[in-house]
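Engineer: Okay, here's the structure, questions in a sec.
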Amino acid sequence: MNRAIQWTEYPLEFAFTARTSRETMRRRSTFLLRKPSEAHTEGWRYGEANFFESLAPESKADFVLQLKAYCNGTIEYDDITSSALRCGIDMLEMPVADTEWTRGQAGIPINGLIWMSDKHSMRRAISEKIDQGFKVLKLKIGGIDFEDEIDLLRSIRASFSPRELEVRLDANGSFNTGNALERLKRLSDYGIHSIEQPVPAGLLDAMSELCRESPIDIALDEELIGLTPDSCKLHILRDVRPRYIILKPTLCGGIREALKWQSLAEGEGVGWWMTSALESSIGLYYLAAHVSSLKPSMPQGLGTGKIYTNNIGSGMSLSSGMLYGGAPNFDFEFLNTLEWQ
């Protein structure tokens with residue numbers, strides 16, 4: 001059966017050189033989906049399968065094969081192993097909740113992301129985020145000299161106490177088992193809220209030990225990548241015992257799987273927040289709409305849509321560290337000019 005779902009690969013251009021401890025990016029592609037919808041005045045419901053080549057377990061060729069097969073009706077949702085594709089289908093199929101955010105009446109508090117760069121550029125980015133009204137900053141670390149990163153944190157705390165400005169760190173697995181605990185102890189001098197993935201994914205025994213001994217609360221991120229049975233989710237939550245987990249639907253099995261992670265985490269007393277993963281404005285909108293229905297108790301890791309020079313208009317806006325939405329208001333005229341398959 002042909003599901004009448006169309007797709008297109010859309011190239012995104014960064015407004016800056018985006019660095020993590022794993023890679024440096026100036027451009028990347030994402031995959032947009034759409035299907036006919038009488039409920040939308042423009043006639044289409046959109047979604048985004050944001051294939052993340054450097055982190056996805058499958059190859060791009062396998063992802064595209066599954067994408068084409070699903071759109072052509074030759075495989076079912078449960079047969080799909082790609083988290084990105086499941087996430088895109090979830091955006092197409094799951095109802096968008098009627099919330100204050102989707103009505104444009106309230107914002108979602110988010111963290112201001114500080115990308116890796118040289119120390120002076122990062123210091124400037126920190127000042128810009130504070131001037132924009134962010135009360136929570138997330139710094140990616142592990143890409144420059146550790147002493148320079150310590151100096152950045154020292155300068156933040158010279159002006160803002162932990163009560164005035166929350167600081168989260170994301171190490172992207174850049175520490176090793178030999179230096180991780182020592183570095184966590186040094187970082188703890190600067191009132192750090194939490195640190196994501198201090199050591200690489202897969203080192204569960206080492207991560208479990210760090211979660212027990214670290215003076216900073218640890219959040220798991222890359223450890224959640226892939227489509228995993230609930231028994232494996234519980235194994236990670238119960239045996240590693242992180243303080244938080246970071247839910248990235250495009251990498252952890254889709255929105256429905258992120259819901260399972262959330263439910264299991266809450267049952268185990270583990271906190272969570274949701275993070276976008278370089279989606280375009282389309283994916284970001286649906287992730288934010290989904291988050292708004294969960295009534296989160298802490299600032300989320302959603303983006304702002306400003307990292308790309310050619311992002312798709314969405315109607316979302318940022319004010320004082322809050323992401324505001326409303327009804328889907330994408331640039332439908334532009335979307336219709338793309339080459340859909």
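Residue numbering restarts at 1 in every chain; chains get A, B, ... in the order shown in the structure tokens, and ligands count up from 1 in that same order.
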Which residues come within 12 Å of Gly254 in chain A, counting only C-alpha atoms, excluding same-chain residues fewer than 6 positions away, as an MDAnalysis selection string?

Structural biologist: chainID A and resid 47:51 77:78 80:94 224:228 247:248 260:261 274 276 283 286:287 290

Engineer: Could you save those same residues with N, CA and C atoms as a JSON list (two decimals), in the first residue's frame?

Structural biologist:
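Okay, this is what ended up in selection_19.json:
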```json
[["chain", "number", "residue", "atom", "x", "y", "z"],
["A", 47, "GLY", "N", 6.91, 16.41, 9.16],
["A", 47, "GLY", "CA", 7.74, 15.78, 10.17],
["A", 47, "GLY", "C", 9.18, 15.86, 9.72],
["A", 48, "GLU", "N", 10.09, 15.38, 10.57],
["A", 48, "GLU", "CA", 11.51, 15.42, 10.23],
["A", 48, "GLU", "C", 12.22, 14.18, 10.74],
["A", 49, "ALA", "N", 12.85, 13.47, 9.82],
["A", 49, "ALA", "CA", 13.71, 12.34, 10.18],
["A", 49, "ALA", "C", 15.15, 12.86, 10.13],
["A", 50, "ASN", "N", 15.65, 13.24, 11.28],
["A", 50, "ASN", "CA", 16.93, 13.94, 11.37],
["A", 50, "ASN", "C", 18.05, 12.92, 11.54],
["A", 51, "PHE", "N", 18.48, 12.32, 10.43],
["A", 51, "PHE", "CA", 19.53, 11.31, 10.49],
["A", 51, "PHE", "C", 20.85, 11.96, 10.88],
["A", 77, "TYR", "N", 5.92, 0.28, 10.72],
["A", 77, "TYR", "CA", 6.64, 1.04, 11.75],
["A", 77, "TYR", "C", 7.47, 0.12, 12.65],
["A", 78, "ASP", "N", 6.88, -0.98, 13.09],
["A", 78, "ASP", "CA", 7.57, -1.87, 14.02],
["A", 78, "ASP", "C", 8.78, -2.55, 13.40],
["A", 80, "ILE", "N", 10.98, -0.91, 11.58],
["A", 80, "ILE", "CA", 12.01, 0.11, 11.41],
["A", 80, "ILE", "C", 12.97, 0.09, 12.58],
["A", 81, "THR", "N", 14.26, 0.07, 12.28],
["A", 81, "THR", "CA", 15.29, 0.08, 13.32],
["A", 81, "THR", "C", 15.95, 1.45, 13.48],
["A", 82, "SER", "N", 15.70, 2.37, 12.55],
["A", 82, "SER", "CA", 16.31, 3.69, 12.60],
["A", 82, "SER", "C", 15.55, 4.61, 13.56],
["A", 83, "SER", "N", 16.24, 5.12, 14.56],
["A", 83, "SER", "CA", 15.61, 6.06, 15.50],
["A", 83, "SER", "C", 15.15, 7.32, 14.79],
["A", 84, "ALA", "N", 15.97, 7.83, 13.88],
["A", 84, "ALA", "CA", 15.63, 9.07, 13.18],
["A", 84, "ALA", "C", 14.34, 8.91, 12.39],
["A", 85, "LEU", "N", 14.20, 7.78, 11.69],
["A", 85, "LEU", "CA", 12.99, 7.56, 10.89],
["A", 85, "LEU", "C", 11.78, 7.38, 11.78],
["A", 86, "ARG", "N", 11.93, 6.63, 12.88],
["A", 86, "ARG", "CA", 10.81, 6.48, 13.82],
["A", 86, "ARG", "C", 10.39, 7.84, 14.37],
["A", 87, "CYS", "N", 11.37, 8.69, 14.65],
["A", 87, "CYS", "CA", 11.05, 10.01, 15.20],
["A", 87, "CYS", "C", 10.28, 10.83, 14.18],
["A", 88, "GLY", "N", 10.70, 10.79, 12.92],
["A", 88, "GLY", "CA", 10.00, 11.54, 11.89],
["A", 88, "GLY", "C", 8.57, 11.06, 11.70],
["A", 89, "ILE", "N", 8.38, 9.74, 11.75],
["A", 89, "ILE", "CA", 7.02, 9.18, 11.62],
["A", 89, "ILE", "C", 6.17, 9.56, 12.83],
["A", 90, "ASP", "N", 6.78, 9.55, 14.01],
["A", 90, "ASP", "CA", 6.04, 9.98, 15.21],
["A", 90, "ASP", "C", 5.55, 11.41, 15.05],
["A", 91, "MET", "N", 6.37, 12.27, 14.48],
["A", 91, "MET", "CA", 5.94, 13.66, 14.26],
["A", 91, "MET", "C", 4.77, 13.72, 13.28],
["A", 92, "LEU", "N", 4.77, 12.83, 12.29],
["A", 92, "LEU", "CA", 3.68, 12.80, 11.31],
["A", 92, "LEU", "C", 2.39, 12.26, 11.89],
["A", 93, "GLU", "N", 2.50, 11.29, 12.79],
["A", 93, "GLU", "CA", 1.34, 10.52, 13.19],
["A", 93, "GLU", "C", 0.79, 10.84, 14.58],
["A", 94, "MET", "N", 1.65, 11.26, 15.51],
["A", 94, "MET", "CA", 1.17, 11.50, 16.87],
["A", 94, "MET", "C", 0.40, 12.81, 16.95],
["A", 224, "LEU", "N", 22.18, 6.36, 25.68],
["A", 224, "LEU", "CA", 20.79, 6.01, 25.36],
["A", 224, "LEU", "C", 20.55, 5.81, 23.86],
["A", 225, "ILE", "N", 21.61, 5.95, 23.05],
["A", 225, "ILE", "CA", 21.42, 5.90, 21.60],
["A", 225, "ILE", "C", 20.98, 4.51, 21.16],
["A", 226, "GLY", "N", 20.03, 4.49, 20.22],
["A", 226, "GLY", "CA", 19.58, 3.23, 19.64],
["A", 226, "GLY", "C", 18.21, 2.81, 20.15],
["A", 227, "LEU", "N", 17.69, 1.82, 19.47],
["A", 227, "LEU", "CA", 16.38, 1.27, 19.83],
["A", 227, "LEU", "C", 16.60, 0.11, 20.78],
["A", 228, "THR", "N", 16.24, 0.27, 22.06],
["A", 228, "THR", "CA", 16.55, -0.74, 23.07],
["A", 228, "THR", "C", 15.29, -1.24, 23.75],
["A", 247, "LEU", "N", 17.01, 12.97, 26.92],
["A", 247, "LEU", "CA", 16.17, 12.33, 25.91],
["A", 247, "LEU", "C", 16.31, 13.06, 24.58],
["A", 248, "LYS", "N", 16.91, 12.39, 23.61],
["A", 248, "LYS", "CA", 17.01, 12.90, 22.24],
["A", 248, "LYS", "C", 16.22, 11.95, 21.35],
["A", 260, "LYS", "N", 8.81, 6.19, 26.79],
["A", 260, "LYS", "CA", 9.09, 5.01, 27.62],
["A", 260, "LYS", "C", 10.26, 5.29, 28.56],
["A", 261, "TRP", "N", 11.33, 5.88, 28.00],
["A", 261, "TRP", "CA", 12.48, 6.22, 28.83],
["A", 261, "TRP", "C", 12.04, 7.14, 29.98],
["A", 274, "MET", "N", 14.57, 16.91, 27.86],
["A", 274, "MET", "CA", 14.62, 16.58, 26.45],
["A", 274, "MET", "C", 15.50, 17.58, 25.71],
["A", 276, "SER", "N", 16.99, 18.70, 21.73],
["A", 276, "SER", "CA", 16.99, 18.56, 20.28],
["A", 276, "SER", "C", 18.39, 18.15, 19.83],
["A", 283, "GLY", "N", 11.44, 19.90, 12.89],
["A", 283, "GLY", "CA", 11.62, 18.93, 13.96],
["A", 283, "GLY", "C", 11.61, 19.59, 15.32],
["A", 286, "TYR", "N", 7.99, 20.27, 16.59],
["A", 286, "TYR", "CA", 7.23, 19.12, 17.08],
["A", 286, "TYR", "C", 7.82, 18.57, 18.38],
["A", 287, "LEU", "N", 9.15, 18.65, 18.55],
["A", 287, "LEU", "CA", 9.73, 18.23, 19.82],
["A", 287, "LEU", "C", 9.28, 19.17, 20.94],
["A", 290, "HIS", "N", 5.71, 18.49, 21.84],
["A", 290, "HIS", "CA", 5.62, 17.28, 22.65],
["A", 290, "HIS", "C", 6.05, 17.55, 24.09]]
```

Engineer: Run DSSP on the backbone and give me the residues of range 230-280 of chain A it puts in helix (DSSP H, G or I), as a VMD selection string.

Structural biologist: chain A and resid 230 to 240 255 to 267

Engineer: The selected residues should be written to file as a compact mmCIF listing (two decimals), in the first residue's frame (atoms: N, CA, C and O atoms).

Structural biologist:
```txt
# COMPACT_ATOMS: atom_id res chain seq x y z
N ASP A 230 12.81 -2.46 26.78
CA ASP A 230 12.63 -1.86 28.09
C ASP A 230 13.52 -2.49 29.15
O ASP A 230 13.95 -1.83 30.10
N SER A 231 13.82 -3.78 29.00
CA SER A 231 14.68 -4.45 29.97
C SER A 231 16.07 -3.83 29.97
O SER A 231 16.71 -3.69 31.03
N CYS A 232 16.57 -3.44 28.79
CA CYS A 232 17.88 -2.79 28.72
C CYS A 232 17.82 -1.38 29.29
O CYS A 232 18.77 -0.92 29.93
N LYS A 233 16.72 -0.69 29.06
CA LYS A 233 16.56 0.64 29.65
C LYS A 233 16.63 0.54 31.17
O LYS A 233 17.33 1.33 31.83
N LEU A 234 15.91 -0.41 31.72
CA LEU A 234 15.90 -0.58 33.18
C LEU A 234 17.27 -0.98 33.70
O LEU A 234 17.68 -0.56 34.79
N HIS A 235 17.98 -1.80 32.93
CA HIS A 235 19.34 -2.20 33.34
C HIS A 235 20.22 -0.97 33.49
O HIS A 235 20.96 -0.83 34.49
N ILE A 236 20.16 -0.05 32.54
CA ILE A 236 20.98 1.16 32.60
C ILE A 236 20.54 2.03 33.78
O ILE A 236 21.37 2.52 34.56
N LEU A 237 19.25 2.22 33.94
CA LEU A 237 18.76 3.08 35.01
C LEU A 237 19.08 2.52 36.39
O LEU A 237 19.47 3.26 37.30
N ARG A 238 18.95 1.21 36.55
CA ARG A 238 19.12 0.60 37.87
C ARG A 238 20.57 0.30 38.21
O ARG A 238 20.98 0.43 39.37
N ASP A 239 21.37 -0.08 37.20
CA ASP A 239 22.75 -0.48 37.48
C ASP A 239 23.72 0.69 37.42
O ASP A 239 24.68 0.75 38.18
N VAL A 240 23.49 1.63 36.50
CA VAL A 240 24.38 2.78 36.40
C VAL A 240 23.95 3.86 37.39
O VAL A 240 24.78 4.56 37.96
N ILE A 255 9.99 9.53 19.39
CA ILE A 255 9.24 10.18 20.47
C ILE A 255 8.57 9.15 21.37
O ILE A 255 8.57 9.27 22.60
N ARG A 256 8.01 8.11 20.78
CA ARG A 256 7.33 7.09 21.60
C ARG A 256 8.31 6.38 22.53
O ARG A 256 7.98 6.09 23.69
N GLU A 257 9.52 6.10 22.03
CA GLU A 257 10.53 5.47 22.88
C GLU A 257 11.02 6.44 23.95
O GLU A 257 11.31 6.03 25.08
N ALA A 258 11.12 7.72 23.60
CA ALA A 258 11.51 8.71 24.61
C ALA A 258 10.50 8.75 25.75
O ALA A 258 10.86 8.90 26.92
N LEU A 259 9.21 8.59 25.41
CA LEU A 259 8.18 8.51 26.44
C LEU A 259 8.39 7.32 27.37
O LEU A 259 8.18 7.41 28.58
N LYS A 260 8.81 6.19 26.79
CA LYS A 260 9.09 5.01 27.62
C LYS A 260 10.26 5.29 28.56
O LYS A 260 10.21 4.95 29.75
N TRP A 261 11.33 5.88 28.00
CA TRP A 261 12.48 6.22 28.83
C TRP A 261 12.04 7.14 29.98
O TRP A 261 12.44 6.95 31.13
N GLN A 262 11.23 8.14 29.66
CA GLN A 262 10.77 9.09 30.67
C GLN A 262 10.01 8.38 31.78
O GLN A 262 10.25 8.61 32.98
N SER A 263 9.07 7.53 31.39
CA SER A 263 8.25 6.84 32.38
C SER A 263 9.09 5.93 33.27
O SER A 263 8.93 5.92 34.49
N LEU A 264 9.98 5.17 32.65
CA LEU A 264 10.83 4.26 33.43
C LEU A 264 11.77 5.05 34.35
O LEU A 264 12.00 4.65 35.50
N ALA A 265 12.31 6.17 33.85
CA ALA A 265 13.21 6.98 34.67
C ALA A 265 12.49 7.53 35.89
O ALA A 265 13.01 7.48 37.02
N GLU A 266 11.29 8.04 35.68
CA GLU A 266 10.54 8.58 36.81
C GLU A 266 10.22 7.50 37.83
O GLU A 266 10.23 7.76 39.04
N GLY A 267 9.97 6.29 37.35
CA GLY A 267 9.72 5.17 38.26
C GLY A 267 10.93 4.79 39.08
O GLY A 267 10.79 4.24 40.18
```

Engineer: Set the distance at 7 Å and use only C-alpha atoms: which residues neighbour range 208-212 of chain A once local chain neighbours fewer than 2 positions away are removed? I'd like the list as a ChimeraX atom specification.

Structural biologist: /A:181,204-206,214,218,239-242

Engineer: What does the file look like for those residues with C-alpha atoms, as a PDB file, in the first residue's frame?

Structural biologist:
```pdb
ATOM      1  CA  LEU A 181      37.043  11.578  38.449  1.00  0.00           C
ATOM      2  CA  LEU A 204      28.876   1.004  31.915  1.00  0.00           C
ATOM      3  CA  ASP A 205      31.010  -0.203  34.830  1.00  0.00           C
ATOM      4  CA  ALA A 206      33.140   2.947  34.716  1.00  0.00           C
ATOM      5  CA  SER A 214      31.302  12.085  41.285  1.00  0.00           C
ATOM      6  CA  ILE A 218      25.904  12.856  35.952  1.00  0.00           C
ATOM      7  CA  ASP A 239      22.749  -0.477  37.484  1.00  0.00           C
ATOM      8  CA  VAL A 240      24.377   2.776  36.403  1.00  0.00           C
ATOM      9  CA  ARG A 241      22.069   4.998  38.512  1.00  0.00           C
ATOM     10  CA  PRO A 242      22.589   8.354  36.781  1.00  0.00           C
TER      11      PRO A 242
END
```

Engineer: Pick out the residues sitting within 10 Å of Phe332 in chain A, and hand them over as a list in words; count only C-alpha atoms, and ignore anything fewer than 5 positions along from it in its own chain.

Structural biologist: Glu42, Gly43, Trp44, Ile312, Gly313, Ser314 and Thr337 of chain A

Engineer: Please list as a ChimeraX atom specification every residue within 10 Å of range 136-147 of chain A, counting only C-alpha atoms and excluding residues in the same chain fewer than 5 positions away.

Structural biologist: /A:19-23,109-119,122,126,129-130,152-153,162,164-175,183,187,193-196,198,299-301,321

Engineer: Could you go through range 39-254 of chain A and tell me which residues DSSP, when run on the backbone, assigns to strand (DSSP E or B), listing them as a PyMOL selection string?

Structural biologist: chain A and resi 44-49+107-110+112-114+136-140+166-170+192-196+218-220+244-247

Engineer: Convert the current residue selection to file output with N, CA and C atoms, as a short mmCIF file (atom, residue, chain, number, x, y, z; two decimals), in the first residue's frame.

Structural biologist:
```
data_model
loop_
_atom_site.label_atom_id
_atom_site.label_comp_id
_atom_site.auth_asym_id
_atom_site.auth_seq_id
_atom_site.Cartn_x
_atom_site.Cartn_y
_atom_site.Cartn_z
N TRP A 44 -1.00 19.83 4.26
CA TRP A 44 0.05 18.86 4.57
C TRP A 44 0.36 18.85 6.06
N ARG A 45 0.73 17.69 6.56
CA ARG A 45 1.30 17.54 7.91
C ARG A 45 2.77 17.19 7.71
N TYR A 46 3.64 17.84 8.47
CA TYR A 46 5.08 17.69 8.27
C TYR A 46 5.74 16.95 9.44
N GLY A 47 6.91 16.41 9.16
CA GLY A 47 7.74 15.78 10.17
C GLY A 47 9.18 15.86 9.72
N GLU A 48 10.09 15.38 10.57
CA GLU A 48 11.51 15.42 10.23
C GLU A 48 12.22 14.18 10.74
N ALA A 49 12.85 13.47 9.82
CA ALA A 49 13.71 12.34 10.18
C ALA A 49 15.15 12.86 10.13
N GLY A 107 5.80 30.04 27.22
CA GLY A 107 7.06 29.57 26.67
C GLY A 107 7.60 28.38 27.43
N ILE A 108 8.60 27.74 26.86
CA ILE A 108 9.31 26.63 27.51
C ILE A 108 10.69 27.14 27.89
N PRO A 109 11.07 27.08 29.18
CA PRO A 109 12.43 27.50 29.55
C PRO A 109 13.46 26.54 28.97
N ILE A 110 14.49 27.09 28.35
CA ILE A 110 15.53 26.26 27.73
C ILE A 110 16.91 26.74 28.17
N GLY A 112 20.80 27.92 27.33
CA GLY A 112 21.55 28.56 26.26
C GLY A 112 22.80 27.76 25.99
N LEU A 113 22.95 27.26 24.77
CA LEU A 113 24.06 26.36 24.43
C LEU A 113 25.29 27.15 24.01
N ILE A 114 26.42 26.85 24.64
CA ILE A 114 27.70 27.45 24.29
C ILE A 114 28.52 26.40 23.54
N VAL A 136 20.05 29.53 32.41
CA VAL A 136 20.73 28.24 32.39
C VAL A 136 21.64 28.20 31.17
N LEU A 137 22.92 27.93 31.39
CA LEU A 137 23.87 27.77 30.29
C LEU A 137 24.34 26.32 30.22
N LYS A 138 24.53 25.85 29.00
CA LYS A 138 25.12 24.53 28.80
C LYS A 138 26.37 24.71 27.97
N LEU A 139 27.50 24.33 28.54
CA LEU A 139 28.79 24.46 27.86
C LEU A 139 29.26 23.10 27.37
N LYS A 140 29.58 23.03 26.10
CA LYS A 140 30.24 21.84 25.57
C LYS A 140 31.72 21.94 25.89
N GLU A 166 22.50 28.87 36.39
CA GLU A 166 22.76 27.43 36.41
C GLU A 166 23.70 27.08 35.25
N VAL A 167 24.70 26.27 35.53
CA VAL A 167 25.66 25.84 34.50
C VAL A 167 25.62 24.33 34.37
N ARG A 168 25.31 23.88 33.16
CA ARG A 168 25.38 22.47 32.81
C ARG A 168 26.56 22.27 31.87
N LEU A 169 27.18 21.12 31.94
CA LEU A 169 28.30 20.80 31.07
C LEU A 169 27.98 19.56 30.24
N ASP A 170 28.55 19.50 29.04
CA ASP A 170 28.41 18.32 28.18
C ASP A 170 29.79 17.94 27.70
N ILE A 192 28.57 23.37 39.52
CA ILE A 192 28.03 22.81 38.28
C ILE A 192 26.76 22.01 38.59
N HIS A 193 25.70 22.27 37.82
CA HIS A 193 24.44 21.56 38.01
C HIS A 193 24.57 20.09 37.66
N SER A 194 25.17 19.79 36.50
CA SER A 194 25.29 18.41 36.03
C SER A 194 26.26 18.37 34.87
N ILE A 195 26.71 17.17 34.53
CA ILE A 195 27.59 16.97 33.39
C ILE A 195 27.10 15.76 32.60
N GLU A 196 26.97 15.94 31.29
CA GLU A 196 26.52 14.86 30.41
C GLU A 196 27.71 14.03 29.95
N ILE A 218 25.60 13.31 37.31
CA ILE A 218 25.90 12.86 35.95
C ILE A 218 24.61 12.57 35.20
N ALA A 219 24.59 13.01 33.95
CA ALA A 219 23.47 12.75 33.04
C ALA A 219 23.96 11.87 31.90
N LEU A 220 23.19 10.86 31.55
CA LEU A 220 23.54 10.00 30.43
C LEU A 220 22.93 10.55 29.15
N TYR A 244 20.41 11.99 36.02
CA TYR A 244 19.53 12.42 34.94
C TYR A 244 19.78 11.59 33.69
N ILE A 245 18.79 11.58 32.80
CA ILE A 245 19.00 11.08 31.45
C ILE A 245 18.56 12.19 30.48
N ILE A 246 19.24 12.24 29.34
CA ILE A 246 18.96 13.23 28.32
C ILE A 246 18.22 12.54 27.19
N LEU A 247 17.01 12.97 26.92
CA LEU A 247 16.17 12.33 25.91
C LEU A 247 16.31 13.06 24.58
#
```

Engineer: Can you work out the spacing between CA of Trp101 in chain A and CA of Phe31 in chain A in Å, to one decimal?

Structural biologist: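 Computing it gives 25.3 Å between the two atoms.
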
Engineer: Set the distance at 9 Å and use only C-alpha atoms: which residues neighbour range 323-331 of chain A once local chain neighbours fewer than 2 positions away are removed? I'd like the list as a ChimeraX atom specification.

Structural biologist: /A:100-110,281-282,285-286,288-289,302-304,312-321,333-336

Engineer: Can you work out which one of A:Pro36, A:Pro11, A:Val291, A:Arg3 has the shortest atom-to-atom distance to Ala69 in chain A, counting only C-alpha atoms?

Structural biologist: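 Looking only at the distances to Ala69 in chain A, the closest residue turns out to be A:Arg3.
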
Engineer: Would you please work out which residue, of A:Lys135, A:Arg28, A:Arg123, A:Arg157, is nearest to Leu278 in chain A when using only C-alpha atoms?

Structural biologist: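 Result for the nearest residue to Leu278 in chain A: A:Arg28.
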
Engineer: Could you check the closest approach to Arg186 in chain A for each of A:Leu55, A:Ala201, A:Ile150, A:Val64 and tell me which residue wins, using only C-alpha atoms?

Structural biologist: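 Looking only at the distances to Arg186 in chain A, the closest residue turns out to be A:Ile150.
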
Engineer: One decimal, Å: what's the distance from CA of Ser297 in chain A over to CA of Pro215 in chain A, could you say?

Structural biologist: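 The value is 22.8 Å.
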